[in-house]
>>> print(open('my_file_7.pdb').read())   # PDB, C-alpha atoms
ATOM      1  CA  MET A   1      10.280  11.705  78.460
ATOM      2  CA  ASP A   2      10.561   8.001  77.713
ATOM      3  CA  PRO A   3      13.980   6.420  77.020
ATOM      4  CA  VAL A   4      13.283   5.928  73.313
ATOM      5  CA  GLN A   5      12.493   9.610  72.773
ATOM      6  CA  LEU A   6      15.493  10.651  74.853
ATOM      7  CA  GLN A   7      17.807   8.367  72.893
ATOM      8  CA  GLN A   8      16.446   9.804  69.649
ATOM      9  CA  ARG A   9      17.226  13.323  70.803
ATOM     10  CA  LEU A  10      20.691  12.304  71.968
ATOM     11  CA  ASP A  11      21.553  10.584  68.686
ATOM     12  CA  THR A  12      20.348  13.592  66.705
ATOM     13  CA  ALA A  13      22.274  16.033  68.894
ATOM     14  CA  ARG A  14      25.460  13.985  68.439
ATOM     15  CA  ALA A  15      25.163  14.154  64.661
ATOM     16  CA  ILE A  16      24.399  17.886  64.713
ATOM     17  CA  ALA A  17      27.314  18.572  67.064
ATOM     18  CA  ARG A  18      29.700  16.591  64.877
ATOM     19  CA  ASP A  19      28.734  18.636  61.807
ATOM     20  CA  ALA A  20      29.116  21.848  63.817
ATOM     21  CA  ALA A  21      32.542  20.802  65.124
ATOM     22  CA  ASP A  22      33.680  20.063  61.572
ATOM     23  CA  ARG A  23      32.722  23.600  60.595
ATOM     24  CA  VAL A  24      34.594  25.088  63.557
ATOM     25  CA  ARG A  25      37.732  23.123  62.718
ATOM     26  CA  GLU A  26      37.642  24.036  59.037
ATOM     27  CA  SER A  27      36.770  27.758  59.405
ATOM     28  CA  PRO A  28      39.003  30.772  60.025
ATOM     29  CA  PRO A  29      37.580  33.015  62.783
ATOM     30  CA  GLY A  30      36.771  35.911  60.426
ATOM     31  CA  LEU A  31      35.607  39.130  62.043
ATOM     32  CA  VAL A  32      36.110  39.180  65.819
ATOM     33  CA  ASP A  33      33.955  41.478  67.984
ATOM     34  CA  ALA A  34      33.764  42.217  71.714
ATOM     35  CA  LYS A  35      30.445  41.765  73.518
ATOM     36  CA  HIS A  36      30.144  42.756  77.188
ATOM     37  CA  ASP A  37      33.805  43.755  77.549
ATOM     38  CA  ALA A  38      37.095  43.542  75.661
ATOM     39  CA  ALA A  39      37.760  40.012  76.991
ATOM     40  CA  ASP A  40      34.338  38.659  75.899
ATOM     41  CA  LEU A  41      34.784  37.792  72.226
ATOM     42  CA  VAL A  42      32.511  36.561  69.475
ATOM     43  CA  THR A  43      33.468  35.603  65.920
ATOM     44  CA  GLU A  44      31.596  35.228  62.680
ATOM     45  CA  VAL A  45      31.915  31.475  63.124
ATOM     46  CA  ASP A  46      30.195  31.526  66.539
ATOM     47  CA  ARG A  47      27.079  33.050  64.996
ATOM     48  CA  ALA A  48      27.178  30.890  61.863
ATOM     49  CA  VAL A  49      27.574  27.660  63.834
ATOM     50  CA  GLU A  50      24.785  28.526  66.254
ATOM     51  CA  LEU A  51      22.475  29.241  63.318
ATOM     52  CA  GLN A  52      23.463  25.926  61.727
ATOM     53  CA  VAL A  53      22.677  24.036  64.935
ATOM     54  CA  ARG A  54      19.384  25.872  65.429
ATOM     55  CA  LEU A  55      18.211  25.116  61.900
ATOM     56  CA  ALA A  56      19.083  21.448  62.275
ATOM     57  CA  LEU A  57      17.253  21.184  65.608
ATOM     58  CA  ARG A  58      14.208  22.962  64.185
ATOM     59  CA  GLU A  59      14.105  20.475  61.294
ATOM     60  CA  HIS A  60      14.029  17.495  63.660
ATOM     61  CA  PHE A  61      12.196  18.967  66.666
ATOM     62  CA  PRO A  62      10.128  21.957  65.529
ATOM     63  CA  ASP A  63       8.163  22.180  68.795
ATOM     64  CA  ASP A  64      11.205  22.488  71.069
ATOM     65  CA  ALA A  65      12.463  25.755  72.570
ATOM     66  CA  VAL A  66      16.048  26.871  71.969
ATOM     67  CA  ALA A  67      18.341  29.091  74.051
ATOM     68  CA  GLY A  68      21.787  30.025  72.771
ATOM     69  CA  GLU A  69      24.888  32.030  73.487
ATOM     70  CA  GLU A  70      24.774  34.345  70.476
ATOM     71  CA  LEU A  71      21.259  34.467  68.972
ATOM     72  CA  GLN A  72      17.788  35.240  70.303
ATOM     73  CA  ASP A  73      15.983  32.552  72.293
ATOM     74  CA  THR A  74      12.982  30.895  70.656
ATOM     75  CA  SER A  75       9.975  29.441  72.464
ATOM     76  CA  GLY A  76       8.418  26.015  72.019
ATOM     77  CA  THR A  77       5.390  23.978  72.999
ATOM     78  CA  SER A  78       6.933  20.563  73.752
ATOM     79  CA  GLY A  79       8.340  21.432  77.191
ATOM     80  CA  PHE A  80      11.851  20.558  75.994
ATOM     81  CA  THR A  81      14.580  23.213  75.673
ATOM     82  CA  TRP A  82      17.874  22.990  73.819
ATOM     83  CA  LEU A  83      20.836  25.031  75.073
ATOM     84  CA  ILE A  84      23.602  25.859  72.592
ATOM     85  CA  ASP A  85      27.066  27.292  72.981
ATOM     86  CA  PRO A  86      28.396  27.145  69.421
ATOM     87  CA  ILE A  87      32.018  27.743  70.457
ATOM     88  CA  ASP A  88      32.761  27.429  74.148
ATOM     89  CA  GLY A  89      36.273  28.856  74.241
ATOM     90  CA  THR A  90      35.951  31.607  71.649
ATOM     91  CA  THR A  91      39.101  33.402  72.810
ATOM     92  CA  ASN A  92      41.111  30.235  72.178
ATOM     93  CA  PHE A  93      39.469  29.781  68.790
ATOM     94  CA  ALA A  94      40.091  33.387  67.758
ATOM     95  CA  SER A  95      43.745  33.042  68.786
ATOM     96  CA  GLY A  96      44.324  29.708  67.080
ATOM     97  CA  VAL A  97      44.567  27.714  70.323
ATOM     98  CA  PRO A  98      43.087  24.236  69.663
ATOM     99  CA  TRP A  99      40.977  23.891  72.820
ATOM    100  CA  CYS A 100      37.318  24.800  72.387
ATOM    101  CA  SER A 101      34.079  22.907  71.945
ATOM    102  CA  VAL A 102      30.556  22.844  70.591
ATOM    103  CA  SER A 103      28.185  22.361  73.523
ATOM    104  CA  ILE A 104      24.572  21.211  73.213
ATOM    105  CA  GLY A 105      22.419  20.546  76.264
ATOM    106  CA  GLY A 106      18.808  19.563  76.688
ATOM    107  CA  ALA A 107      16.356  19.907  79.559
ATOM    108  CA  ASP A 108      12.663  19.639  80.304
ATOM    109  CA  ARG A 109      10.557  20.541  83.337
ATOM    110  CA  SER A 110      12.211  17.724  85.296
ATOM    111  CA  GLY A 111      15.680  19.205  84.805
ATOM    112  CA  PRO A 112      18.771  18.469  82.687
ATOM    113  CA  LEU A 113      18.323  15.463  80.403
ATOM    114  CA  LEU A 114      21.127  15.242  77.870
ATOM    115  CA  GLY A 115      24.459  16.721  76.902
ATOM    116  CA  VAL A 116      26.812  16.631  73.952
ATOM    117  CA  VAL A 117      30.258  18.247  73.899
ATOM    118  CA  ALA A 118      32.096  18.018  70.577
ATOM    119  CA  ASP A 119      35.861  18.557  70.433
ATOM    120  CA  PRO A 120      36.707  19.816  66.926
ATOM    121  CA  TRP A 121      40.424  19.128  67.282
ATOM    122  CA  ARG A 122      40.308  15.574  68.658
ATOM    123  CA  ARG A 123      37.277  14.921  66.406
ATOM    124  CA  GLU A 124      35.588  13.411  69.413
ATOM    125  CA  ILE A 125      32.029  13.470  70.764
ATOM    126  CA  LEU A 126      31.462  13.273  74.529
ATOM    127  CA  SER A 127      27.813  12.704  75.379
ATOM    128  CA  ALA A 128      25.265  11.428  77.877
ATOM    129  CA  ALA A 129      21.568  11.264  78.661
ATOM    130  CA  ARG A 130      19.960  10.876  82.064
ATOM    131  CA  GLY A 131      19.648   7.203  82.912
ATOM    132  CA  LEU A 132      21.328   6.100  79.668
ATOM    133  CA  GLY A 133      24.999   6.478  80.609
ATOM    134  CA  SER A 134      27.859   8.539  79.181
ATOM    135  CA  TRP A 135      29.944   7.986  76.087
ATOM    136  CA  VAL A 136      33.155   8.893  74.259
ATOM    137  CA  ASP A 137      32.069   8.531  70.648
ATOM    138  CA  ASP A 138      30.505   5.039  70.712
ATOM    139  CA  ARG A 139      32.396   3.767  73.777
ATOM    140  CA  PRO A 140      30.789   3.831  77.244
ATOM    141  CA  VAL A 141      32.743   5.813  79.816
ATOM    142  CA  GLU A 142      34.463   3.629  82.375
ATOM    143  CA  ARG A 143      35.035   4.923  85.892
ATOM    144  CA  PRO A 144      38.798   5.246  86.505
ATOM    145  CA  ALA A 145      40.223   2.751  88.965
ATOM    146  CA  HIS A 146      42.275   5.498  90.602
ATOM    147  CA  ALA A 147      41.340   9.173  90.739
ATOM    148  CA  GLU A 148      43.573  10.987  93.172
ATOM    149  CA  LEU A 149      44.548  14.595  93.730
ATOM    150  CA  ALA A 150      48.228  13.738  94.147
ATOM    151  CA  GLY A 151      49.549  13.571  90.609
ATOM    152  CA  GLY A 152      46.087  14.202  89.175
ATOM    153  CA  VAL A 153      44.694  17.010  87.044
ATOM    154  CA  VAL A 154      42.151  19.500  88.392
ATOM    155  CA  PHE A 155      40.562  21.686  85.734
ATOM    156  CA  THR A 156      39.222  25.137  86.506
ATOM    157  CA  GLU A 157      38.342  28.338  84.654
ATOM    158  CA  TRP A 158      38.484  32.051  85.326
ATOM    159  CA  LEU A 159      35.257  33.845  86.179
ATOM    160  CA  ASN A 160      35.061  35.515  82.796
ATOM    161  CA  HIS A 161      38.675  36.797  82.721
ATOM    162  CA  VAL A 162      39.320  37.270  86.451
ATOM    163  CA  PRO A 163      39.762  34.878  89.427
ATOM    164  CA  TRP A 164      36.652  33.735  91.261
ATOM    165  CA  LEU A 165      36.404  34.501  94.971
ATOM    166  CA  GLY A 166      38.653  32.130  96.897
ATOM    167  CA  MET A 167      40.369  30.873  93.735
ATOM    168  CA  THR A 168      43.910  31.781  94.801
ATOM    169  CA  GLU A 169      43.567  30.089  98.173
ATOM    170  CA  THR A 170      41.901  27.010  96.675
ATOM    171  CA  LEU A 171      44.603  26.535  94.054
ATOM    172  CA  ALA A 172      47.299  26.952  96.692
ATOM    173  CA  ALA A 173      45.665  24.229  98.785
ATOM    174  CA  LEU A 174      45.459  21.942  95.753
ATOM    175  CA  ALA A 175      49.156  22.530  95.106
ATOM    176  CA  GLY A 176      49.763  21.424  98.666
ATOM    177  CA  ASP A 177      47.898  18.225  97.806
ATOM    178  CA  PHE A 178      50.260  17.761  94.817
ATOM    179  CA  ALA A 179      47.442  18.233  92.325
ATOM    180  CA  THR A 180      48.188  19.884  88.989
ATOM    181  CA  VAL A 181      45.731  22.629  88.009
ATOM    182  CA  ARG A 182      44.922  23.423  84.393
ATOM    183  CA  ILE A 183      43.039  26.490  83.093
ATOM    184  CA  MET A 184      42.279  25.565  79.500
ATOM    185  CA  GLY A 185      39.684  28.092  78.341
ATOM    186  CA  SER A 186      36.553  26.012  77.651
ATOM    187  CA  SER A 187      34.385  25.164  80.657
ATOM    188  CA  ALA A 188      32.276  22.656  78.736
ATOM    189  CA  LEU A 189      35.257  20.755  77.354
ATOM    190  CA  SER A 190      37.199  20.817  80.628
ATOM    191  CA  LEU A 191      34.194  19.510  82.562
ATOM    192  CA  ALA A 192      33.427  16.843  79.965
ATOM    193  CA  ALA A 193      37.102  15.810  79.892
ATOM    194  CA  THR A 194      36.967  15.367  83.666
ATOM    195  CA  ALA A 195      33.800  13.315  83.276
ATOM    196  CA  VAL A 196      35.506  10.844  80.942
ATOM    197  CA  GLY A 197      38.468  10.356  83.262
ATOM    198  CA  ARG A 198      41.034  12.882  82.031
ATOM    199  CA  GLY A 199      40.868  14.876  85.253
ATOM    200  CA  CYS A 200      39.887  14.140  88.822
ATOM    201  CA  ALA A 201      37.879  17.330  89.450
ATOM    202  CA  PHE A 202      36.569  20.506  87.828
ATOM    203  CA  LEU A 203      35.919  23.840  89.570
ATOM    204  CA  ASN A 204      34.015  26.710  87.971
ATOM    205  CA  GLY A 205      33.339  30.208  89.225
ATOM    206  CA  SER A 206      29.774  30.481  87.900
ATOM    207  CA  TYR A 207      27.163  28.112  86.489
ATOM    208  CA  SER A 208      25.704  29.094  83.128
ATOM    209  CA  PRO A 209      23.316  26.457  81.685
ATOM    210  CA  VAL A 210      24.044  27.442  78.085
ATOM    211  CA  ASP A 211      27.741  26.776  78.701
ATOM    212  CA  THR A 212      27.782  23.711  80.931
ATOM    213  CA  LEU A 213      24.357  22.091  81.451
ATOM    214  CA  GLY A 214      25.202  19.450  78.865
ATOM    215  CA  ALA A 215      28.603  18.718  80.392
ATOM    216  CA  ILE A 216      26.992  18.414  83.835
ATOM    217  CA  VAL A 217      24.753  15.647  82.473
ATOM    218  CA  ILE A 218      27.859  13.852  81.191
ATOM    219  CA  ALA A 219      29.523  14.234  84.592
ATOM    220  CA  ARG A 220      26.522  12.902  86.504
ATOM    221  CA  GLU A 221      26.041   9.949  84.196
ATOM    222  CA  SER A 222      29.735   9.094  84.565
ATOM    223  CA  GLY A 223      29.313   8.993  88.338
ATOM    224  CA  LEU A 224      30.863  12.276  89.433
ATOM    225  CA  VAL A 225      29.630  14.296  92.397
ATOM    226  CA  VAL A 226      28.277  17.620  91.089
ATOM    227  CA  ARG A 227      27.487  20.365  93.619
ATOM    228  CA  ASP A 228      27.673  24.096  94.052
ATOM    229  CA  PHE A 229      30.261  25.357  96.526
ATOM    230  CA  ALA A 230      27.640  25.441  99.294
ATOM    231  CA  GLY A 231      26.787  21.777  98.737
ATOM    232  CA  SER A 232      23.485  22.023  96.839
ATOM    233  CA  ASP A 233      22.627  21.443  93.182
ATOM    234  CA  PRO A 234      24.292  23.940  90.822
ATOM    235  CA  GLN A 235      22.513  27.291  90.756
ATOM    236  CA  VAL A 236      22.718  29.829  87.939
ATOM    237  CA  GLY A 237      25.445  32.362  88.681
ATOM    238  CA  ARG A 238      26.896  30.336  91.566
ATOM    239  CA  PRO A 239      30.266  28.525  91.632
ATOM    240  CA  PHE A 240      30.125  24.741  91.350
ATOM    241  CA  TYR A 241      32.345  21.692  91.123
ATOM    242  CA  ALA A 242      32.343  18.176  89.718
ATOM    243  CA  ALA A 243      34.601  15.505  91.218
ATOM    244  CA  TRP A 244      35.115  11.789  91.102
ATOM    245  CA  PRO A 245      33.903  10.208  94.363
ATOM    246  CA  GLN A 246      37.432   9.373  95.495
ATOM    247  CA  VAL A 247      38.416  13.048  95.678
ATOM    248  CA  ALA A 248      34.995  14.609  96.321
ATOM    249  CA  PRO A 249      35.398  14.914 100.134
ATOM    250  CA  ARG A 250      38.542  17.040  99.765
ATOM    251  CA  ILE A 251      37.054  19.145  96.954
ATOM    252  CA  THR A 252      33.933  19.656  99.062
ATOM    253  CA  GLU A 253      36.108  20.873 101.935
ATOM    254  CA  LEU A 254      38.026  23.325  99.758
ATOM    255  CA  THR A 255      35.005  24.705  97.919
ATOM    256  CA  ALA A 256      33.042  25.148 101.149
ATOM    257  CA  ALA A 257      35.926  27.249 102.474
ATOM    258  CA  ALA A 258      35.945  29.298  99.249
ATOM    259  CA  ASP A 259      32.193  29.781  99.504
ATOM    260  CA  ALA A 260      32.475  30.982 103.100
ATOM    261  CA  ALA A 261      35.245  33.396 102.130
ATOM    262  CA  GLY A 262      33.118  34.723  99.275
ATOM    263  CA  ALA A 263      30.148  35.208 101.592
ATOM    264  CA  THR A 264      32.362  37.188 103.994
ATOM    265  CA  VAL A 265      33.513  39.445 101.151
ATOM    266  CA  ASP A 266      29.911  39.989 100.019
ATOM    267  CA  ARG A 267      28.863  40.983 103.563
ATOM    268  CA  LYS A 268      31.712  43.473 103.778
ATOM    269  CA  ARG A 269      30.754  44.972 100.432
ATOM    270  CA  GLY A 270      27.150  45.239 101.584
TER     271      GLY A 270
END
>>> encode(input="my_file_7.pdb", output="structure tokens")
Amino acid sequence: MDPVQLQQRLDTARAIARDAADRVRESPPGLVDAKHDAADLVTEVDRAVELQVRLALREHFPDDAVAGEELQDTSGTSGFTWLIDPIDGTTNFASGVPWCSVSIGGADRSGPLLGVVADPWRREILSAARGLGSWVDDRPVERPAHAELAGGVVFTEWLNHVPWLGMTETLAALAGDFATVRIMGSSALSLAATAVGRGCAFLNGSYSPVDTLGAIVIARESGLVVRDFAGSDPQVGRPFYAAWPQVAPRITELTAAADAAGATVDRKRG
């Protein structure tokens, strides 16, 4: 895809995400249901916002495919796929905790291309496209002069509602490095916040493209190292991290140890 087409898609996705975030901020949750288990929630607003985003994307890009968190995937002929999480952090939203996001990602056969993460509460759009840089609203992201574990923030998330394998040991090691860990409840927003300099690293127990593909594009365009715990590109269902280069060697060391511990547990279970 040429830069002009990519920029057009990014600009459109920003506008769509902003409208969606406005709706999230202004809407009560309404009916709250459980999906896979009692900790996996969905609200009326999740479904309504995803439909709103889908309809807007179809109007602008009718030949693109769409995959989403709440509604059925639709096919396309362009080779481009949109990935939508209408409210990443539904439990927070349903409980009135102001930390969730609207996440829109885009990819083609060459891989992830663009990402937009809208924060309804800060009224802020974090975005990026491959080769075009990353942005906070209309301001380019600047690499922080100092990104250190000591005194810095490391974001992570539960694996659904439970710790990921090696999480306890990893967080203990980070505490020993004088890092402060935050579990906020929205993987997309926590990763995007790290990518714009509000954290020094982000650890996640499982990669889901619908949730975090867009935020990964933002992280890469900002200059972060993004790897799965074994050191390769993020793989669906596998734990991964994103870290500023200054702290990446230590995060790589810790996540490799967590990955080895998880592999040992899997062998024992087998």
>>> closest_residue(input="my_file_7.pdb", among="A:Gly105, A:Gly76, A:Pro98, A:Pro245", to="A:Ala147", atoms="all atoms listed in the file")
A:Pro245
>>> closest_residue(input="my_file_7.pdb", among="A:Met1, A:Ala173, A:Val53, A:Val42", to="A:Arg109", atoms="all atoms listed in the file")
A:Met1
>>> closest_residue(input="my_file_7.pdb", among="A:Ser206, A:Thr170, A:Thr91, A:Ser75", to="A:Ser186", atoms="all atoms listed in the file")
A:Thr91
>>> axis_aligned_box(input="my_file_7.pdb", around="stretch 181-190 of chain A", padding_each_side="5 Å", output="lines of an AutoDock Vina configuration file")
center_x = 39.0
center_y = 24.4
center_z = 82.7
size_x = 23.5
size_y = 17.3
size_z = 20.7
>>> residues_near_point(input="my_file_7.pdb", point="(30.1, 15.5, 61.7)", cutoff="12 Å", atoms="all atoms listed in the file", output="list in words")
Thr12, Ala13, Arg14, Ala15, Ile16, Ala17, Arg18, Asp19, Ala20, Ala21, Asp22, Arg23, Val24, Arg25, Glu26, Val53, Val102, Ala118, Asp119, Pro120, Arg123, Glu124, Ile125 and Asp137 of chain A
>>> resolve_selection(input="my_file_7.pdb", expression="the PyMOL selection byres ((chain A and resi 44) around 10)", output="list in words")
Ser27, Pro28, Pro29, Gly30, Leu31, Val32, Asp33, Val42, Thr43, Val45, Asp46, Arg47, Ala48 and Val49 of chain A
>>> resolve_selection(input="my_file_7.pdb", expression="the PyMOL selection byres ((chain A and resi 131-135) around 9)", output="list in words")
Pro3, Leu6, Gln7, Leu113, Ile125, Leu126, Ser127, Ala128, Ala129, Arg130, Val136, Asp137, Asp138, Arg139, Pro140, Val141, Glu142, Ala195, Val196, Val217, Ile218, Ala219, Arg220, Glu221 and Ser222 of chain A
>>> closest_residue(input="my_file_7.pdb", among="A:Pro249, A:Pro112, A:Gly68, A:Gly205", to="A:Pro163", atoms="all atoms listed in the file")
A:Gly205
>>> resolve_selection(input="my_file_7.pdb", expression="the PyMOL selection byres ((chain A and resi 214) around 8)", output="list in words")
Ser103, Ile104, Gly105, Gly106, Pro112, Leu114, Gly115, Val116, Val117, Ala188, Pro209, Asp211, Thr212, Leu213, Ala215, Ile216, Val217 and Ile218 of chain A
>>> residues_around(input="my_file_7.pdb", residues="A:Trp164", least_positions_apart="2", cutoff="9 Å", atoms="all atoms listed in the file", output="JSON, numbers by chain")
{"A": [157, 158, 159, 160, 162, 166, 167, 168, 204, 205, 206, 239, 262]}
>>> closest_residue(input="my_file_7.pdb", among="A:Ala248, A:Ser232, A:Val225, A:Gly89", to="A:Ile183", atoms="only C-alpha atoms")
A:Gly89
>>> atom_distance(input="my_file_7.pdb", atom1="atom CA of A:Leu55", atom2="atom CA of A:Ser95")
27.6 Å
>>> atom_distance(input="my_file_7.pdb", atom1="atom CA of A:Ala145", atom2="atom CA of A:Asp233")
26.0 Å
>>> closest_residue(input="my_file_7.pdb", among="A:Ala258, A:Leu203, A:Ala65, A:Ala38", to="A:Leu191", atoms="all atoms listed in the file")
A:Leu203
>>> atom_distance(input="my_file_7.pdb", atom1="atom CA of A:Phe155", atom2="atom CA of A:Ala243")
10.2 Å
